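Trainee: One structure follows; several queries about it will come next.
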Protein chains: 2
Amino acid sequence: MVGKLMEEMKKKAPIVVGLDPQMGFIPPEILKAAFAEYGETLEGAGEAIFRFNKGIVDNVCDLVPAVKPQIAMYEMFGLPGLHAFKRTVDYCHEKGLLVIGDVKRGDIGSTSAAYAAAHLGSVQVGEQTLVPFGEDFATVNPYLGTDGVKPFIDVCRSAGKGIFVLVKTSNPSSGEFQDRLIDGRPLYEHVGEMVHKWGLDAVDESGWSEVGAVVGATYPEMGRVLREIMPKCCILVPGYGAQGGTGKDLKPFFDADGLGAIVNSSRGIIAAWKNDKYKAFGSAAYEYASRQAVLDMKADIEEALG
Amino acid sequence: MVGKLMEEMKKKAPIVVGLDPQMGFIPPEILKAAFAEYGETLEGAGEAIFRFNKGIVDNVCDLVPAVKPQIAMYEMFGLPGLHAFKRTVDYCHEKGLLVIGDVKRGDIGSTSAAYAAAHLGSVQVGEQTLVPFGEDFATVNPYLGTDGVKPFIDVCRSAGKGIFVLVKTSNPSSGEFQDRLIDGRPLYEHVGEMVHKWGLDAVDESGWSEVGAVVGATYPEMGRVLREIMPKCCILVPGYGAQGGTGKDLKPFFDADGLGAIVNSSRGIIAAWKNDKYKAFGSAAYEYASRQAVLDMKADIEEALG
């Protein structure tokens with residue numbers, strides 16, 4: 001799947017839209033209509049989320065290769081929220097987008113195998129082989145080591161899917177454990193080396209590995225080092241925009257050919273209509289504000305990469 | 001919630017039953033009936049899982065204080081699987097059991113807040129306050145540091161719930177990162193110290209903290225050290241039975257009063273009927289095999305604790 005992602009990135013832009021809806025991001029018109037139909041219920045919230053996502057997807061699908069729904073924002077609305085997650089995955093596929101399930105799962109081997117089946121693979125029920133959620137990529141937590149990650153890689157290989165393993169996250173306290181020195185080098189470098197090693201078994205015909213890494217835009221110097229440690233890994237870069245990362249911070253994450261990284265923006269795109277810069281669009285045209293925010297982000301990255 | 005857990009443990013046993021169903025654990029009679037009604041579908045799988053769980057819960061609820069459903073085993077059957085998860089949580093509550101959602105979530109702050117609401121708290125939809133999944137405890141991954149864990153603790157304090165943070169996991173490769181030395185001490189000890197510190201703000205009237213830790217039964221020596229580092233933290237101990245941990249390995253996880261730890265067994269209890277030791281029960285009496293396995297585990301732990 002990484003080969004397809006790279007190809008689409010070259011055609012469009014190295015940008016992924018984070019579909020992380022919050023009630024406060026959804027225009028009142030959409031909330032009102034969904035609540036009128038389903039009540040102020042979890043179902044009403046799920047319906048509002050899906051309609052909100054659909055408007056954005058319809059207006060950015062020609063500009064970006066992929067979306068990254070953060071499953072927590074759906075899971076918080078229980079089963080109806082997860083139904084909206086599944087509808088979003090399916091709708092994005094209809095519109096030709098790749099879907100990165102930002103699930104950050106990871107557990108002991110047999111449990112990671114279940115998560116891998118849930119998000120990237122299939123399950124056997126009697127004689128039937130069924131697809132539970134069917135994303136194209138998933139994010140994975142490395143804290144449990146090889147046997148927590150390997151089952152995901154097995155599914156990547158058998159089903160032609162990909163993963164991004166957390167290496168250095170974008171949040172302020174990510175350094176508490178990730179930056180601690182082990183044999184003179186920070187933990188995230190050791191994790192990066194393992195990600196590189198894990199990925200060598202899953203390099204596809206594009207030369208890139210189905211095993212990628214998450215490295216926050218908020219830590220560009222660390223991005224530079226990790227780019228070298230993991231030469232075949234596509235780096236998923238969160239933290240651009242609302243979390244503080246800027247265009248010029250992004251260059252170290254890309255290789256000499258300007259490839260190998262995909263930058264996520266969530267709030268900066270999906271809640272653009274609430275930002276002073278785009279407020280002229282108004283809530284009724286929120287989806288065009290999102291489109292403009294993607295175009296502006298694309299220009300910012302192109303300028304930074306030169 | 002930790003006070004209630006401690007009280008129930010004293011009355012019953014320091015045992016939690018891991019409700020981690022797999023298709024291969026479910027007696028053919030149950031599968032056949034569920035598939036006859038719902039087909040070989042995700043719905044059929046979800047129905048079979050719930051019926052299987054119900055039989056076990058009915059027969060162990062007087063013996064143990066809590067169950068621990070591993071959400072991956074439900075998530076792998078998509079929305080119908082998660083519906084079975086929710087039905088299991090609700091049914092266990094009806095039967096007076098505490099529910100530890102083994103979800104191992106953890107992300108940047110705003111995302112962890114969403115997961116905390118999903119599993120331990122509530123969400124606001126219009127004027128309504130709604131409960132998404134409603135477990136009593138959740139397991140949490142510490143890799144992102146304080147701001148990935150703090151939102152869970154906030155919900156613990158406001159909603160009277162608890163968490164167990166992964167410190168030293170039970171799987172064979174847990175040492176790859178967790179055992180690496182930082183300033184002369186393994187990473188898991190540093191994580192344990194943080195868990196202790198995080199927990200000081202959430203000590204309830206029982207003297208125990210709502211912030212507990214996960215430490216695998218497969219590493220008893222590490223359990224001894226961590227018991228000292230985290231004196232107010234209840235330790236959730238997976239890895240007993242199928243993963244290799246035995247009764248005598250458990251002593252170090254308990255304090256001098258024989259308190260402060262709760263031992264999980266999943267396969268050893270829920271798939272007892274497939275074990276040679278209990279095969280006389282047969283598939284039709286699988287739930288009595290599970291009951292006997294709990295009684296045997298209780299005797300094993302009592303003997304070990306002396």
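Convention: chains lettered A, B, ... in structure tokens order; per-chain residue numbering from 1; ligands numbered from 1 as shown.
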Once DSSP has gone over the backbone, tell me which residues of segment 108-243 of chain A are in helix (DSSP H, G or I), as a count of residues only.
Mentor: 58
Trainee: I need the residues of segment 17-183 of chain A that end up classed as strand (DSSP E or B) by DSSP on the backbone, written out as number ranges by chain.
Mentor: A: 17, 66-67, 70, 98-105, 123-125, 128-130, 137-140, 162-168, 181-182
Trainee: List as a ChimeraX atom specification the protein and nucleic acid residues near Pro172 of chain A, meaning an atom at most 12 Å away when only C-alpha atoms are counted, but skip any in the same chain fewer than 4 places from it.
Mentor: /A:168,176-179,216-219,239,243-244 /B:107-109,144-148
Trainee: Take the residues that were just selected and, keeping all heavy atoms, output them as a tab-separated table (two decimals), in the first residue's frame.
Mentor:
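The file below, out_20.tsv, is the result:
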```
chain	number	residue	atom	x	y	z
A	168	LYS	N	8.55	9.16	17.62
A	168	LYS	CA	8.66	10.38	18.44
A	168	LYS	C	7.35	11.14	18.21
A	168	LYS	O	7.10	11.62	17.10
A	168	LYS	CB	9.88	11.17	17.97
A	168	LYS	CG	10.01	12.55	18.59
A	168	LYS	CD	10.34	12.53	20.09
A	168	LYS	CE	10.26	13.96	20.65
A	168	LYS	NZ	10.39	13.96	22.13
A	176	GLU	N	9.41	12.69	27.95
A	176	GLU	CA	9.59	12.10	29.28
A	176	GLU	C	10.19	10.70	29.23
A	176	GLU	O	11.07	10.38	30.02
A	176	GLU	CB	8.25	12.05	30.01
A	176	GLU	CG	7.83	13.40	30.58
A	176	GLU	CD	6.44	13.36	31.20
A	176	GLU	OE1	5.87	12.25	31.35
A	176	GLU	OE2	5.92	14.43	31.51
A	177	PHE	N	9.69	9.88	28.31
A	177	PHE	CA	10.31	8.56	28.13
A	177	PHE	C	11.07	8.50	26.81
A	177	PHE	O	12.17	7.97	26.74
A	177	PHE	CB	9.25	7.46	28.19
A	177	PHE	CG	8.46	7.45	29.47
A	177	PHE	CD1	7.07	7.52	29.46
A	177	PHE	CD2	9.11	7.39	30.70
A	177	PHE	CE1	6.35	7.52	30.65
A	177	PHE	CE2	8.40	7.39	31.90
A	177	PHE	CZ	7.01	7.47	31.87
A	178	GLN	N	10.50	9.07	25.76
A	178	GLN	CA	11.07	8.89	24.41
A	178	GLN	C	12.45	9.52	24.25
A	178	GLN	O	13.23	9.08	23.41
A	178	GLN	CB	10.10	9.47	23.37
A	178	GLN	CG	8.76	8.75	23.33
A	178	GLN	CD	7.69	9.50	22.55
A	178	GLN	OE1	8.00	10.29	21.66
A	178	GLN	NE2	6.43	9.26	22.87
A	179	ASP	N	12.75	10.56	25.03
A	179	ASP	CA	14.04	11.24	24.90
A	179	ASP	C	15.10	10.73	25.88
A	179	ASP	O	16.25	11.18	25.84
A	179	ASP	CB	13.90	12.75	25.14
A	179	ASP	CG	13.07	13.44	24.07
A	179	ASP	OD1	12.57	12.74	23.17
A	179	ASP	OD2	12.91	14.68	24.15
A	216	GLY	N	6.73	13.58	15.13
A	216	GLY	CA	6.01	14.86	15.20
A	216	GLY	C	6.74	16.02	14.52
A	216	GLY	O	7.95	16.17	14.68
A	217	ALA	N	5.98	16.85	13.81
A	217	ALA	CA	6.51	18.05	13.15
A	217	ALA	C	7.11	19.02	14.15
A	217	ALA	O	7.94	19.86	13.81
A	217	ALA	CB	5.38	18.76	12.39
A	218	THR	N	6.69	18.87	15.41
A	218	THR	CA	7.15	19.76	16.46
A	218	THR	C	8.60	19.50	16.86
A	218	THR	O	9.17	20.25	17.65
A	218	THR	CB	6.22	19.61	17.69
A	218	THR	OG1	5.90	18.22	17.85
A	218	THR	CG2	4.92	20.37	17.47
A	219	TYR	N	9.20	18.42	16.33
A	219	TYR	CA	10.58	18.08	16.66
A	219	TYR	C	11.43	17.88	15.40
A	219	TYR	O	11.89	16.77	15.13
A	219	TYR	CB	10.62	16.84	17.56
A	219	TYR	CG	9.84	17.04	18.85
A	219	TYR	CD1	8.58	16.50	19.03
A	219	TYR	CD2	10.37	17.82	19.88
A	219	TYR	CE1	7.85	16.71	20.20
A	219	TYR	CE2	9.65	18.04	21.05
A	219	TYR	CZ	8.40	17.49	21.20
A	219	TYR	OH	7.69	17.71	22.35
A	239	GLY	N	1.25	17.18	13.92
A	239	GLY	CA	1.71	18.34	14.69
A	239	GLY	C	1.85	19.62	13.89
A	239	GLY	O	2.18	20.67	14.44
A	243	GLN	N	-0.88	22.30	16.39
A	243	GLN	CA	0.06	21.89	17.43
A	243	GLN	C	1.38	22.67	17.40
A	243	GLN	O	2.25	22.44	18.24
A	243	GLN	CB	0.35	20.39	17.34
A	243	GLN	CG	-0.80	19.51	17.83
A	243	GLN	CD	-0.43	18.03	17.82
A	243	GLN	OE1	0.53	17.61	18.44
A	243	GLN	NE2	-1.19	17.23	17.10
A	244	GLY	N	1.58	23.52	16.38
A	244	GLY	CA	2.75	24.39	16.41
A	244	GLY	C	3.78	24.19	15.31
A	244	GLY	O	4.66	25.03	15.11
B	107	ASP	N	-2.65	8.49	23.80
B	107	ASP	CA	-2.39	9.34	22.63
B	107	ASP	C	-2.03	10.73	23.13
B	107	ASP	O	-1.79	10.90	24.33
B	107	ASP	CB	-3.66	9.34	21.75
B	107	ASP	CG	-3.36	9.57	20.28
B	107	ASP	OD1	-2.77	10.63	19.95
B	107	ASP	OD2	-3.69	8.71	19.46
B	108	ILE	N	-1.99	11.72	22.26
B	108	ILE	CA	-1.75	13.08	22.71
B	108	ILE	C	-2.94	13.53	23.56
B	108	ILE	O	-4.00	12.88	23.55
B	108	ILE	CB	-1.52	14.05	21.53
B	108	ILE	CG1	-2.78	14.22	20.67
B	108	ILE	CG2	-0.37	13.57	20.66
B	108	ILE	CD1	-2.70	15.38	19.69
B	109	GLY	N	-2.78	14.62	24.30
B	109	GLY	CA	-3.75	15.02	25.31
B	109	GLY	C	-5.21	15.03	24.89
B	109	GLY	O	-6.04	14.36	25.50
B	144	LEU	N	3.49	8.05	25.52
B	144	LEU	CA	3.44	9.49	25.19
B	144	LEU	C	3.70	10.39	26.40
B	144	LEU	O	3.70	11.61	26.27
B	144	LEU	CB	2.11	9.84	24.52
B	144	LEU	CG	2.06	9.39	23.04
B	144	LEU	CD1	1.57	7.97	22.91
B	144	LEU	CD2	1.25	10.33	22.18
B	145	GLY	N	3.87	9.81	27.59
B	145	GLY	CA	4.19	10.61	28.76
B	145	GLY	C	2.99	11.25	29.42
B	145	GLY	O	1.83	10.91	29.11
B	146	THR	N	3.25	12.17	30.35
B	146	THR	CA	2.22	12.73	31.22
B	146	THR	C	1.00	13.24	30.49
B	146	THR	O	-0.13	12.94	30.87
B	146	THR	CB	2.81	13.89	32.05
B	146	THR	OG1	3.89	13.38	32.85
B	146	THR	CG2	1.76	14.50	32.97
B	147	ASP	N	1.20	14.02	29.39
B	147	ASP	CA	-0.02	14.59	28.81
B	147	ASP	C	-0.87	13.58	28.05
B	147	ASP	O	-2.02	13.89	27.69
B	147	ASP	CB	0.21	15.90	28.03
B	147	ASP	CG	1.24	15.82	26.96
B	147	ASP	OD1	1.31	14.78	26.30
B	147	ASP	OD2	1.99	16.79	26.77
B	148	GLY	N	-0.37	12.36	27.85
B	148	GLY	CA	-1.20	11.29	27.30
B	148	GLY	C	-1.95	10.51	28.38
B	148	GLY	O	-2.92	9.81	28.09
```
Trainee: Show me, as a list in words, the residues that have an atom within 12 Å of Lys248 of chain A when counting only C-alpha atoms, minus same-chain residues fewer than 2 positions from it.
Mentor: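 Skipping anything fewer than 2 positions along the chain leaves Ala217, Thr218, Tyr219, Pro220, Glu221, Tyr240, Gly241, Gly244, Gly245, Thr246, Leu250, Lys251, Pro252, Phe253, Phe254, Met297, Ala299, Asp300, Ile301, Glu302, Glu303, Ala304, Leu305 and Gly306 of chain A.
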Trainee: What's the 9 Å shell around Leu259 of chain B, counting only C-alpha atoms, without same-chain residues fewer than 3 positions away, as a PyMOL selection string?
Mentor: chain B and resi 6+9-10+14+234+253-256+262
Trainee: Generate a file of the selected residues that holds N, CA and C atoms, formatted as a compact mmCIF listing (two decimals), in the first residue's frame.
Mentor:
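Saved as again19.txt:
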```txt
# COMPACT_ATOMS: atom_id res chain seq x y z
N MET B 6 -10.82 -3.21 45.91
CA MET B 6 -10.08 -3.80 47.03
C MET B 6 -11.03 -4.55 47.98
N MET B 9 -12.21 -7.68 46.39
CA MET B 9 -11.13 -8.66 46.34
C MET B 9 -10.99 -9.37 47.68
N LYS B 10 -11.13 -8.59 48.76
CA LYS B 10 -11.03 -9.20 50.10
C LYS B 10 -12.17 -10.19 50.32
N PRO B 14 -8.44 -12.30 44.75
CA PRO B 14 -7.74 -11.30 43.94
C PRO B 14 -7.58 -11.78 42.49
N CYS B 234 -2.50 -0.33 42.86
CA CYS B 234 -2.94 -1.70 42.67
C CYS B 234 -2.28 -2.22 41.39
N PHE B 253 4.01 -9.56 43.95
CA PHE B 253 3.14 -8.48 43.48
C PHE B 253 2.22 -7.97 44.59
N PHE B 254 2.10 -8.77 45.66
CA PHE B 254 1.22 -8.40 46.77
C PHE B 254 2.02 -7.71 47.87
N ASP B 255 1.36 -6.89 48.67
CA ASP B 255 2.06 -6.25 49.79
C ASP B 255 2.08 -7.21 50.99
N ALA B 256 2.63 -6.72 52.12
CA ALA B 256 2.80 -7.58 53.29
C ALA B 256 1.46 -8.10 53.82
N ILE B 262 -4.15 -7.79 41.62
CA ILE B 262 -5.25 -8.60 41.10
C ILE B 262 -4.73 -9.34 39.88
```
Trainee: Compile the contact shell of segment 121-135 of chain A as a list in words: residues with an atom at most 8 Å away, counting only C-alpha atoms, same-chain residues fewer than 6 positions apart removed.
Mentor: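 So, after excluding close chain neighbours, the residues are Lys86, Val89, Leu98, Val99, Ile100, Gly101, Val155 and Ala159 of chain A; Met23, Glu40, Thr41, Leu42, Ala45, Glu75, Met76, Phe77, Gly78 and Leu79 of chain B.
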Trainee: Excluding segment 184-198 of chain B and its own-chain neighbours fewer than 3 positions away, which residues fall within 9 Å of it when counting only C-alpha atoms? Please give them as a ChimeraX atom specification.
Mentor: /A:177,180 /B:142,145-146,149-150,153,165-168,175,177-181,201-202,209,211-213,222,225-226,229-233
Trainee: Just checking: using only C-alpha atoms, which residue out of A:Gly207, A:Gly96, A:Gly199, A:Pro21 ends up closest to chain B?
Mentor: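 Ranking A:Gly207, A:Gly96, A:Gly199, A:Pro21 by distance to chain B, first place goes to A:Pro21.
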